[in-house]
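Let me begin by presenting the structure, written as C-alpha coordinates, before commenting on it.
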Amino acid sequence: LKRFYFLFTLVAFISSQSVLAHLHERQESVEERIITFACRIVVYVGSMGNLLRSTISQVYRDVKQRQFIVAYGIPIPAHFSEKSNVGYLFLLLTLMIMCILEPIFWCAPNMDGDFEGGGLFTVHCPEAAGTKDVYCTASMIAMLIYWFLLLDLSIFSMRLSSFILVCGRVLPEVFLFLLGFGSVIIAFATAINCLTERPDSFSGIPQNALVLFSIGLGMFP
(Lines give C-alpha, C1' and ligand atoms only; values in the text may rest on other atoms or scores of the structure.)
Protein backbone atom coordinates (compact mmCIF):
# COMPACT_ATOMS: atom_id res chain seq x y z
CA LEU A 1 0.00 0.00 0.00
CA LYS A 2 2.87 2.36 0.84
CA ARG A 3 4.43 1.81 -2.58
CA PHE A 4 1.18 2.42 -4.43
CA TYR A 5 0.71 5.63 -2.45
CA PHE A 6 4.22 6.63 -3.52
CA LEU A 7 3.24 5.91 -7.13
CA PHE A 8 0.15 8.10 -6.70
CA THR A 9 2.27 11.03 -5.46
CA LEU A 10 4.66 10.50 -8.39
CA VAL A 11 1.74 10.82 -10.82
CA ALA A 12 0.65 14.03 -9.05
CA PHE A 13 4.22 15.36 -9.22
CA ILE A 14 4.56 14.59 -12.94
CA SER A 15 1.18 16.16 -13.66
CA SER A 16 1.99 19.42 -11.87
CA GLN A 17 5.63 19.81 -12.92
CA SER A 18 6.02 18.26 -16.37
CA VAL A 19 2.55 18.18 -17.94
CA LEU A 20 0.14 20.89 -16.81
CA ALA A 21 2.85 23.51 -16.24
CA HIS A 22 3.79 23.50 -19.94
CA LEU A 23 0.50 22.90 -21.76
CA HIS A 24 -0.35 26.58 -22.27
CA GLU A 25 2.44 28.56 -20.62
CA ARG A 26 1.28 32.01 -19.43
CA GLN A 27 -2.14 31.22 -20.92
CA GLU A 28 -3.31 28.48 -18.58
CA SER A 29 -7.01 28.12 -17.96
CA VAL A 30 -8.40 28.49 -14.45
CA GLU A 31 -9.11 24.76 -14.36
CA GLU A 32 -5.49 23.90 -15.26
CA ARG A 33 -4.19 26.20 -12.53
CA ILE A 34 -6.53 24.73 -9.94
CA ILE A 35 -5.50 21.17 -10.84
CA THR A 36 -1.82 22.17 -10.78
CA PHE A 37 -2.23 23.75 -7.35
CA ALA A 38 -4.11 20.70 -6.06
CA CYS A 39 -1.40 18.33 -7.34
CA ARG A 40 1.35 20.37 -5.71
CA ILE A 41 -0.54 20.42 -2.40
CA VAL A 42 -0.83 16.63 -2.65
CA VAL A 43 2.94 16.42 -3.16
CA TYR A 44 3.84 18.86 -0.38
CA VAL A 45 1.36 17.50 2.18
CA GLY A 46 1.00 13.88 1.14
CA SER A 47 4.57 13.14 0.07
CA MET A 48 6.80 15.70 1.80
CA GLY A 49 4.75 15.67 5.01
CA ASN A 50 4.69 11.88 5.16
CA LEU A 51 8.43 11.65 4.47
CA LEU A 52 9.16 14.26 7.14
CA ARG A 53 7.07 12.41 9.74
CA SER A 54 8.51 8.97 8.98
CA THR A 55 12.11 10.19 8.78
CA ILE A 56 11.93 12.04 12.09
CA SER A 57 10.28 9.08 13.84
CA GLN A 58 12.82 6.59 12.46
CA VAL A 59 15.81 8.78 13.33
CA TYR A 60 14.41 9.41 16.82
CA ARG A 61 13.98 5.66 17.35
CA ASP A 62 17.54 4.93 16.22
CA VAL A 63 18.99 7.65 18.45
CA LYS A 64 16.93 6.50 21.42
CA GLN A 65 18.03 2.88 20.93
CA ARG A 66 21.59 3.93 20.05
CA GLN A 67 21.49 2.18 16.70
CA PHE A 68 24.16 3.78 14.53
CA ILE A 69 26.38 2.88 11.62
CA VAL A 70 29.73 4.51 10.93
CA ALA A 71 30.33 6.05 7.51
CA TYR A 72 33.67 7.76 6.87
CA GLY A 73 34.21 7.94 10.63
CA ILE A 74 30.86 9.66 11.21
CA PRO A 75 28.10 7.88 13.19
CA ILE A 76 24.73 8.14 11.48
CA PRO A 77 21.34 6.58 12.39
CA ALA A 78 20.97 2.98 11.22
CA HIS A 79 17.84 4.03 9.31
CA PHE A 80 20.12 5.35 6.56
CA SER A 81 21.96 2.06 6.13
CA GLU A 82 19.56 1.28 3.26
CA LYS A 83 20.07 3.14 -0.01
CA SER A 84 16.34 3.67 -0.47
CA ASN A 85 16.11 5.54 2.84
CA VAL A 86 18.98 7.80 1.79
CA GLY A 87 17.05 8.44 -1.43
CA TYR A 88 13.94 9.32 0.55
CA LEU A 89 16.00 11.75 2.64
CA PHE A 90 17.30 13.53 -0.46
CA LEU A 91 13.78 13.59 -1.89
CA LEU A 92 12.53 15.15 1.35
CA LEU A 93 15.20 17.86 1.27
CA THR A 94 14.51 18.60 -2.39
CA LEU A 95 10.75 18.85 -1.82
CA MET A 96 11.35 21.18 1.14
CA ILE A 97 13.40 23.47 -1.10
CA MET A 98 10.62 23.40 -3.70
CA CYS A 99 7.98 24.16 -1.08
CA ILE A 100 9.95 27.16 0.17
CA LEU A 101 10.44 28.48 -3.38
CA GLU A 102 6.98 27.49 -4.70
CA PRO A 103 6.01 30.24 -7.21
CA ILE A 104 2.30 29.91 -6.40
CA PHE A 105 3.01 30.80 -2.76
CA TRP A 106 5.26 33.71 -3.72
CA CYS A 107 2.61 35.04 -6.12
CA ALA A 108 -0.31 34.59 -3.70
CA PRO A 109 -0.30 38.23 -2.45
CA ASN A 110 -0.17 39.57 -6.03
CA MET A 111 -2.23 37.14 -8.12
CA ASP A 112 -4.21 39.85 -9.89
CA GLY A 113 -1.29 42.22 -10.47
CA ASP A 114 -0.55 44.02 -13.73
CA PHE A 115 1.65 41.43 -15.46
CA GLU A 116 1.29 38.85 -18.20
CA GLY A 117 -0.26 35.60 -17.01
CA GLY A 118 -1.84 37.04 -13.87
CA GLY A 119 -4.84 35.44 -12.19
CA LEU A 120 -5.76 32.70 -9.76
CA PHE A 121 -2.79 30.53 -8.69
CA THR A 122 -0.44 32.23 -11.16
CA VAL A 123 3.29 31.49 -11.15
CA HIS A 124 4.32 34.36 -13.43
CA CYS A 125 4.45 37.28 -10.99
CA PRO A 126 7.61 39.39 -10.60
CA GLU A 127 7.96 38.26 -6.98
CA ALA A 128 8.63 34.67 -8.10
CA ALA A 129 10.98 35.50 -10.97
CA GLY A 130 14.11 35.34 -8.82
CA THR A 131 13.34 31.86 -7.46
CA LYS A 132 12.31 30.04 -10.63
CA ASP A 133 15.77 28.85 -11.69
CA VAL A 134 16.49 27.19 -8.36
CA TYR A 135 12.92 25.89 -8.16
CA CYS A 136 13.11 24.30 -11.62
CA THR A 137 16.49 22.72 -10.83
CA ALA A 138 15.12 21.28 -7.59
CA SER A 139 12.08 20.01 -9.51
CA MET A 140 14.31 18.22 -12.01
CA ILE A 141 16.36 16.59 -9.24
CA ALA A 142 13.22 15.53 -7.37
CA MET A 143 11.81 13.98 -10.55
CA LEU A 144 14.96 11.89 -11.03
CA ILE A 145 14.92 10.78 -7.37
CA TYR A 146 11.25 9.82 -7.67
CA TRP A 147 11.99 7.56 -10.64
CA PHE A 148 15.04 6.08 -8.91
CA LEU A 149 12.97 5.22 -5.82
CA LEU A 150 10.29 3.70 -8.05
CA LEU A 151 12.62 0.71 -8.46
CA ASP A 152 11.23 -0.53 -5.14
CA LEU A 153 8.11 -1.58 -7.05
CA SER A 154 10.19 -4.23 -8.80
CA ILE A 155 9.47 -6.60 -5.88
CA PHE A 156 6.06 -7.27 -7.44
CA SER A 157 7.71 -9.03 -10.41
CA MET A 158 10.38 -11.70 -9.97
CA ARG A 159 11.59 -11.22 -13.55
CA LEU A 160 11.92 -7.45 -13.08
CA SER A 161 13.69 -7.92 -9.73
CA SER A 162 16.17 -10.29 -11.38
CA PHE A 163 16.76 -7.85 -14.21
CA ILE A 164 17.46 -4.97 -11.79
CA LEU A 165 19.79 -7.20 -9.76
CA VAL A 166 21.76 -8.11 -12.89
CA CYS A 167 21.90 -4.43 -13.92
CA GLY A 168 23.31 -3.56 -10.51
CA ARG A 169 26.06 -6.15 -11.01
CA VAL A 170 26.84 -5.13 -14.59
CA LEU A 171 26.76 -1.32 -14.28
CA PRO A 172 30.15 -1.05 -12.48
CA GLU A 173 31.73 -2.97 -15.35
CA VAL A 174 30.04 -0.68 -17.86
CA PHE A 175 31.40 2.39 -16.05
CA LEU A 176 34.89 0.87 -16.09
CA PHE A 177 34.58 0.27 -19.83
CA LEU A 178 33.42 3.86 -20.42
CA LEU A 179 36.31 5.14 -18.31
CA GLY A 180 38.79 3.13 -20.37
CA PHE A 181 37.11 4.17 -23.62
CA GLY A 182 37.25 7.84 -22.61
CA SER A 183 40.92 7.55 -21.58
CA VAL A 184 41.86 6.07 -24.97
CA ILE A 185 39.95 8.83 -26.79
CA ILE A 186 41.69 11.58 -24.77
CA ALA A 187 45.09 9.95 -25.31
CA PHE A 188 44.70 9.78 -29.10
CA ALA A 189 42.99 13.20 -29.29
CA THR A 190 45.94 14.89 -27.59
CA ALA A 191 48.46 12.82 -29.57
CA ILE A 192 46.88 13.69 -32.93
CA ASN A 193 46.93 17.37 -31.98
CA CYS A 194 50.73 17.20 -31.85
CA LEU A 195 50.94 16.58 -35.61
CA THR A 196 51.65 19.49 -37.91
CA GLU A 197 49.72 17.92 -40.79
CA ARG A 198 46.39 16.29 -40.01
CA PRO A 199 42.99 15.86 -41.71
CA ASP A 200 40.55 18.76 -41.62
CA SER A 201 38.27 16.79 -39.31
CA PHE A 202 40.92 16.96 -36.58
CA SER A 203 41.10 20.68 -35.77
CA GLY A 204 41.77 20.65 -32.04
CA ILE A 205 41.57 18.44 -28.97
CA PRO A 206 37.77 18.77 -28.44
CA GLN A 207 37.08 18.16 -32.14
CA ASN A 208 39.59 15.28 -32.20
CA ALA A 209 37.84 13.65 -29.25
CA LEU A 210 34.44 14.09 -30.88
CA VAL A 211 35.63 12.51 -34.14
CA LEU A 212 37.29 9.62 -32.33
CA PHE A 213 34.14 9.10 -30.25
CA SER A 214 32.09 8.97 -33.46
CA ILE A 215 34.54 6.48 -34.95
CA GLY A 216 34.28 4.33 -31.83
CA LEU A 217 30.49 4.23 -32.18
CA GLY A 218 30.68 3.57 -35.90
CA MET A 219 28.98 6.88 -36.71
CA PHE A 220 31.81 8.70 -38.49
CA PRO A 221 31.04 9.24 -42.19
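In the C-alpha coordinates, each chain is lettered A, B, ... as it comes, each chain's residues begin at 1, and ligands are numbered from 1 in order of appearance.
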
DSSP helix (DSSP H, G or I) residues within range 112-162 of chain A, as a VMD selection string: chain A and resid 126 to 156 158 to 162

Counting only C-alpha atoms, give me one row per residue of range 2-62 of chain A with an atom at most 9 Å from an atom of range 73-97 of chain A, showing the shortest contact pair and its distance in Å to one decimal, sorted by chain then residue number, as a tab-separated table.
```
residue	atom	partner	partner_atom	distance
A:Val43	CA	A:Leu95	CA	8.3
A:Tyr44	CA	A:Leu95	CA	7.1
A:Ser47	CA	A:Leu92	CA	8.3
A:Met48	CA	A:Leu92	CA	5.8
A:Gly49	CA	A:Leu92	CA	8.6
A:Leu51	CA	A:Leu92	CA	6.2
A:Leu52	CA	A:Leu92	CA	6.8
A:Thr55	CA	A:Leu89	CA	7.4
A:Gln58	CA	A:His79	CA	6.5
A:Val59	CA	A:Pro77	CA	6.0
A:Tyr60	CA	A:Pro77	CA	8.7
A:Arg61	CA	A:Pro77	CA	8.9
A:Asp62	CA	A:Pro77	CA	5.6
```

The selected residues should be written to file as an mmCIF file, in the first residue's frame (atoms: all heavy atoms).
```
data_model
loop_
_atom_site.group_PDB
_atom_site.id
_atom_site.type_symbol
_atom_site.label_atom_id
_atom_site.label_comp_id
_atom_site.auth_asym_id
_atom_site.auth_seq_id
_atom_site.Cartn_x
_atom_site.Cartn_y
_atom_site.Cartn_z
ATOM 1 N N VAL A 43 1.522 16.759 -3.267
ATOM 2 C CA VAL A 43 2.938 16.424 -3.158
ATOM 3 C C VAL A 43 3.526 16.968 -1.854
ATOM 4 O O VAL A 43 4.213 16.249 -1.119
ATOM 5 C CB VAL A 43 3.713 16.970 -4.372
ATOM 6 C CG1 VAL A 43 5.221 16.822 -4.152
ATOM 7 C CG2 VAL A 43 3.294 16.244 -5.637
ATOM 8 N N TYR A 44 3.244 18.248 -1.564
ATOM 9 C CA TYR A 44 3.840 18.857 -0.376
ATOM 10 C C TYR A 44 3.281 18.284 0.917
ATOM 11 O O TYR A 44 4.019 18.083 1.883
ATOM 12 C CB TYR A 44 3.630 20.373 -0.404
ATOM 13 C CG TYR A 44 4.356 21.073 -1.532
ATOM 14 C CD1 TYR A 44 3.764 22.127 -2.229
ATOM 15 C CD2 TYR A 44 5.622 20.670 -1.922
ATOM 16 C CE1 TYR A 44 4.419 22.758 -3.272
ATOM 17 C CE2 TYR A 44 6.281 21.291 -2.965
ATOM 18 C CZ TYR A 44 5.676 22.340 -3.639
ATOM 19 O OH TYR A 44 6.324 22.969 -4.673
ATOM 20 N N SER A 47 3.265 13.762 0.248
ATOM 21 C CA SER A 47 4.574 13.143 0.072
ATOM 22 C C SER A 47 5.602 13.741 1.028
ATOM 23 O O SER A 47 6.201 13.033 1.837
ATOM 24 C CB SER A 47 5.045 13.305 -1.371
ATOM 25 O OG SER A 47 6.275 12.644 -1.573
ATOM 26 N N MET A 48 5.805 15.066 0.953
ATOM 27 C CA MET A 48 6.799 15.697 1.804
ATOM 28 C C MET A 48 6.443 15.564 3.285
ATOM 29 O O MET A 48 7.295 15.235 4.116
ATOM 30 C CB MET A 48 6.944 17.180 1.441
ATOM 31 C CG MET A 48 8.053 17.887 2.204
ATOM 32 S SD MET A 48 8.075 19.663 1.866
ATOM 33 C CE MET A 48 6.626 20.193 2.804
ATOM 34 N N GLY A 49 5.172 15.786 3.618
ATOM 35 C CA GLY A 49 4.754 15.672 5.015
ATOM 36 C C GLY A 49 4.918 14.270 5.547
ATOM 37 O O GLY A 49 5.386 14.066 6.679
ATOM 38 N N LEU A 51 6.999 11.937 4.377
ATOM 39 C CA LEU A 51 8.430 11.645 4.473
ATOM 40 C C LEU A 51 9.045 12.308 5.699
ATOM 41 O O LEU A 51 9.883 11.713 6.382
ATOM 42 C CB LEU A 51 9.143 12.129 3.207
ATOM 43 C CG LEU A 51 8.946 11.294 1.938
ATOM 44 C CD1 LEU A 51 9.593 11.984 0.748
ATOM 45 C CD2 LEU A 51 9.517 9.902 2.117
ATOM 46 N N LEU A 52 8.642 13.551 5.978
ATOM 47 C CA LEU A 52 9.161 14.255 7.144
ATOM 48 C C LEU A 52 8.782 13.532 8.431
ATOM 49 O O LEU A 52 9.626 13.338 9.328
ATOM 50 C CB LEU A 52 8.632 15.688 7.159
ATOM 51 C CG LEU A 52 9.133 16.597 8.294
ATOM 52 C CD1 LEU A 52 10.636 16.764 8.218
ATOM 53 C CD2 LEU A 52 8.432 17.952 8.234
ATOM 54 N N THR A 55 10.672 10.039 8.582
ATOM 55 C CA THR A 55 12.114 10.189 8.775
ATOM 56 C C THR A 55 12.436 10.610 10.203
ATOM 57 O O THR A 55 13.348 10.059 10.843
ATOM 58 C CB THR A 55 12.684 11.220 7.789
ATOM 59 O OG1 THR A 55 12.421 10.793 6.445
ATOM 60 C CG2 THR A 55 14.182 11.376 7.979
ATOM 61 N N GLN A 58 11.810 7.642 12.583
ATOM 62 C CA GLN A 58 12.824 6.593 12.462
ATOM 63 C C GLN A 58 14.156 7.036 13.046
ATOM 64 O O GLN A 58 14.836 6.266 13.748
ATOM 65 C CB GLN A 58 12.990 6.205 10.986
ATOM 66 C CG GLN A 58 11.802 5.509 10.366
ATOM 67 C CD GLN A 58 11.568 4.122 10.930
ATOM 68 O OE1 GLN A 58 12.468 3.498 11.490
ATOM 69 N NE2 GLN A 58 10.351 3.633 10.806
ATOM 70 N N VAL A 59 14.552 8.271 12.785
ATOM 71 C CA VAL A 59 15.813 8.780 13.334
ATOM 72 C C VAL A 59 15.725 8.867 14.854
ATOM 73 O O VAL A 59 16.681 8.518 15.565
ATOM 74 C CB VAL A 59 16.140 10.160 12.716
ATOM 75 C CG1 VAL A 59 17.306 10.813 13.455
ATOM 76 C CG2 VAL A 59 16.475 10.008 11.240
ATOM 77 N N TYR A 60 14.591 9.325 15.368
ATOM 78 C CA TYR A 60 14.411 9.408 16.825
ATOM 79 C C TYR A 60 14.507 8.020 17.461
ATOM 80 O O TYR A 60 15.144 7.848 18.516
ATOM 81 C CB TYR A 60 13.060 10.044 17.143
ATOM 82 C CG TYR A 60 12.725 10.046 18.621
ATOM 83 C CD1 TYR A 60 13.321 10.969 19.483
ATOM 84 C CD2 TYR A 60 11.815 9.124 19.140
ATOM 85 C CE1 TYR A 60 13.019 10.961 20.837
ATOM 86 C CE2 TYR A 60 11.516 9.118 20.486
ATOM 87 C CZ TYR A 60 12.118 10.039 21.331
ATOM 88 O OH TYR A 60 11.823 10.027 22.673
ATOM 89 N N ARG A 61 13.917 7.020 16.818
ATOM 90 C CA ARG A 61 13.976 5.663 17.345
ATOM 91 C C ARG A 61 15.413 5.144 17.363
ATOM 92 O O ARG A 61 15.857 4.546 18.353
ATOM 93 C CB ARG A 61 13.106 4.746 16.496
ATOM 94 C CG ARG A 61 12.998 3.316 17.036
ATOM 95 C CD ARG A 61 12.478 2.376 15.976
ATOM 96 N NE ARG A 61 13.433 2.289 14.865
ATOM 97 C CZ ARG A 61 13.212 1.561 13.775
ATOM 98 N NH1 ARG A 61 12.063 0.915 13.622
ATOM 99 N NH2 ARG A 61 14.116 1.506 12.821
ATOM 100 N N ASP A 62 16.153 5.396 16.275
ATOM 101 C CA ASP A 62 17.545 4.932 16.219
ATOM 102 C C ASP A 62 18.407 5.620 17.269
ATOM 103 O O ASP A 62 19.258 4.986 17.908
ATOM 104 C CB ASP A 62 18.124 5.180 14.817
ATOM 105 C CG ASP A 62 17.528 4.248 13.771
ATOM 106 O OD1 ASP A 62 16.946 3.223 14.166
ATOM 107 O OD2 ASP A 62 17.644 4.563 12.573
#
```

Nearest to Phe105 in chain A, restricted to only C-alpha atoms and choosing among A:Arg40, A:Lys64, A:Arg26, A:Arg198, comes out as A:Arg40

Closest atom pairs, range 110-209 of chain A residues within 10 Å of range 2-8 of chain A, only C-alpha atoms, as a Markdown table:
```
| residue | atom | partner | partner_atom | distance |
| --- | --- | --- | --- | --- |
| A:Tyr146 | CA | A:Phe6 | CA | 8.8 |
| A:Trp147 | CA | A:Leu7 | CA | 9.6 |
| A:Leu149 | CA | A:Phe6 | CA | 9.2 |
| A:Leu150 | CA | A:Leu7 | CA | 7.5 |
| A:Asp152 | CA | A:Arg3 | CA | 7.6 |
| A:Leu153 | CA | A:Arg3 | CA | 6.7 |
```

Next, the residues of the selection above should be written as a short mmCIF file (atom, residue, chain, number, x, y, z; two decimals), in the first residue's frame with N, CA and C atoms.
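The resulting selection_39.cif:
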```
data_model
loop_
_atom_site.label_atom_id
_atom_site.label_comp_id
_atom_site.auth_asym_id
_atom_site.auth_seq_id
_atom_site.Cartn_x
_atom_site.Cartn_y
_atom_site.Cartn_z
N TYR A 146 12.51 10.56 -7.65
CA TYR A 146 11.25 9.82 -7.67
C TYR A 146 11.37 8.56 -8.53
N TRP A 147 11.89 8.71 -9.74
CA TRP A 147 11.99 7.56 -10.64
C TRP A 147 12.99 6.54 -10.12
N LEU A 149 13.62 5.92 -6.93
CA LEU A 149 12.97 5.22 -5.82
C LEU A 149 11.85 4.30 -6.30
N LEU A 150 11.36 4.54 -7.51
CA LEU A 150 10.29 3.70 -8.05
C LEU A 150 10.77 2.27 -8.29
N ASP A 152 11.73 0.33 -6.22
CA ASP A 152 11.23 -0.53 -5.14
C ASP A 152 10.03 -1.35 -5.58
N LEU A 153 9.29 -0.86 -6.57
CA LEU A 153 8.11 -1.58 -7.05
C LEU A 153 8.48 -2.85 -7.79
#
```

Counting only C-alpha atoms, figure out which residue out of A:Gly182, A:Asn208, A:Arg169, A:Val134 gets nearest to Cys194 in chain A. A:Asn208

Using only C-alpha atoms, which protein or nucleic acid residues come within 9 Å of Val123 in chain A? Drop anything in the same chain fewer than 5 positions from it, and give the result as a ChimeraX atom specification. /A:26,102-108,111,117-118,128-129

Dump of N, CA, C and O atoms for the selected residues, as a PDB file, in the first residue's frame:
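What ended up in result15.pdb:
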```pdb
ATOM      1  N   ARG A  26       1.761  30.635 -19.587  1.00  0.00           N
ATOM      2  CA  ARG A  26       1.278  32.012 -19.435  1.00  0.00           C
ATOM      3  C   ARG A  26      -0.150  32.200 -19.952  1.00  0.00           C
ATOM      4  O   ARG A  26      -0.667  33.308 -19.928  1.00  0.00           O
ATOM      5  N   GLU A 102       8.159  27.700  -3.855  1.00  0.00           N
ATOM      6  CA  GLU A 102       6.983  27.491  -4.696  1.00  0.00           C
ATOM      7  C   GLU A 102       6.450  28.814  -5.260  1.00  0.00           C
ATOM      8  O   GLU A 102       6.033  29.705  -4.519  1.00  0.00           O
ATOM      9  N   PRO A 103       6.463  28.980  -6.592  1.00  0.00           N
ATOM     10  CA  PRO A 103       6.008  30.241  -7.208  1.00  0.00           C
ATOM     11  C   PRO A 103       4.570  30.611  -6.866  1.00  0.00           C
ATOM     12  O   PRO A 103       4.242  31.789  -6.744  1.00  0.00           O
ATOM     13  N   ILE A 104       3.704  29.610  -6.729  1.00  0.00           N
ATOM     14  CA  ILE A 104       2.304  29.907  -6.404  1.00  0.00           C
ATOM     15  C   ILE A 104       2.204  30.606  -5.054  1.00  0.00           C
ATOM     16  O   ILE A 104       1.427  31.550  -4.877  1.00  0.00           O
ATOM     17  N   PHE A 105       3.018  30.165  -4.084  1.00  0.00           N
ATOM     18  CA  PHE A 105       3.006  30.798  -2.764  1.00  0.00           C
ATOM     19  C   PHE A 105       3.563  32.216  -2.834  1.00  0.00           C
ATOM     20  O   PHE A 105       3.048  33.131  -2.194  1.00  0.00           O
ATOM     21  N   TRP A 106       4.642  32.383  -3.606  1.00  0.00           N
ATOM     22  CA  TRP A 106       5.258  33.708  -3.723  1.00  0.00           C
ATOM     23  C   TRP A 106       4.329  34.692  -4.436  1.00  0.00           C
ATOM     24  O   TRP A 106       4.367  35.900  -4.177  1.00  0.00           O
ATOM     25  N   CYS A 107       3.504  34.169  -5.349  1.00  0.00           N
ATOM     26  CA  CYS A 107       2.611  35.038  -6.116  1.00  0.00           C
ATOM     27  C   CYS A 107       1.256  35.250  -5.435  1.00  0.00           C
ATOM     28  O   CYS A 107       0.454  36.055  -5.919  1.00  0.00           O
ATOM     29  N   ALA A 108       1.004  34.519  -4.352  1.00  0.00           N
ATOM     30  CA  ALA A 108      -0.306  34.592  -3.703  1.00  0.00           C
ATOM     31  C   ALA A 108      -0.730  36.019  -3.342  1.00  0.00           C
ATOM     32  O   ALA A 108      -1.889  36.389  -3.561  1.00  0.00           O
ATOM     33  N   MET A 111      -1.709  37.960  -7.020  1.00  0.00           N
ATOM     34  CA  MET A 111      -2.233  37.142  -8.117  1.00  0.00           C
ATOM     35  C   MET A 111      -2.828  37.975  -9.246  1.00  0.00           C
ATOM     36  O   MET A 111      -2.665  37.653 -10.425  1.00  0.00           O
ATOM     37  N   GLY A 117      -0.011  36.884 -17.638  1.00  0.00           N
ATOM     38  CA  GLY A 117      -0.256  35.600 -17.012  1.00  0.00           C
ATOM     39  C   GLY A 117      -0.809  35.688 -15.608  1.00  0.00           C
ATOM     40  O   GLY A 117      -0.802  34.699 -14.875  1.00  0.00           O
ATOM     41  N   GLY A 118      -1.291  36.877 -15.213  1.00  0.00           N
ATOM     42  CA  GLY A 118      -1.839  37.037 -13.868  1.00  0.00           C
ATOM     43  C   GLY A 118      -3.166  36.309 -13.714  1.00  0.00           C
ATOM     44  O   GLY A 118      -3.815  35.937 -14.683  1.00  0.00           O
ATOM     45  N   ALA A 128       8.121  36.039  -7.987  1.00  0.00           N
ATOM     46  CA  ALA A 128       8.633  34.671  -8.096  1.00  0.00           C
ATOM     47  C   ALA A 128       9.724  34.523  -9.145  1.00  0.00           C
ATOM     48  O   ALA A 128      10.314  33.448  -9.279  1.00  0.00           O
ATOM     49  N   ALA A 129      10.014  35.603  -9.871  1.00  0.00           N
ATOM     50  CA  ALA A 129      10.984  35.504 -10.973  1.00  0.00           C
ATOM     51  C   ALA A 129      12.369  35.116 -10.479  1.00  0.00           C
ATOM     52  O   ALA A 129      13.086  34.362 -11.146  1.00  0.00           O
TER      53      ALA A 129
END
```

Expressed in Å to a single decimal, how great is the separation between CA of Ala142 in chain A and CA of Gln17 in chain A? 10.3 Å

Expressed in Å to a single decimal, how great is the separation between CA of Gly204 in chain A and CA of Gly180 in chain A? 21.3 Å

A straight line from CA of Val11 in chain A to CA of Glu31 in chain A spans 18.0 Å

I need the residues in range 25-112 of chain A that are strand (DSSP E) according to DSSP; give them as a PyMOL selection string. chain A and resi 68-71+74-77

Could you name the residues that touch Asn193 in chain A at 10 Å or less, counting only C-alpha atoms, but leaving out those on the same chain fewer than 2 positions away, as a list in words? Phe188, Ala189, Thr190, Ala191, Leu195, Thr196, Glu197, Arg198, Phe202, Ser203, Gly204, Ile205, Pro206, Gln207 and Asn208 of chain A

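Proximity ranking of A:Ile34, A:Ile185, A:Phe115, A:Phe220 relative to Ser201 in chain A places A:Phe220 first, based on only C-alpha atoms.
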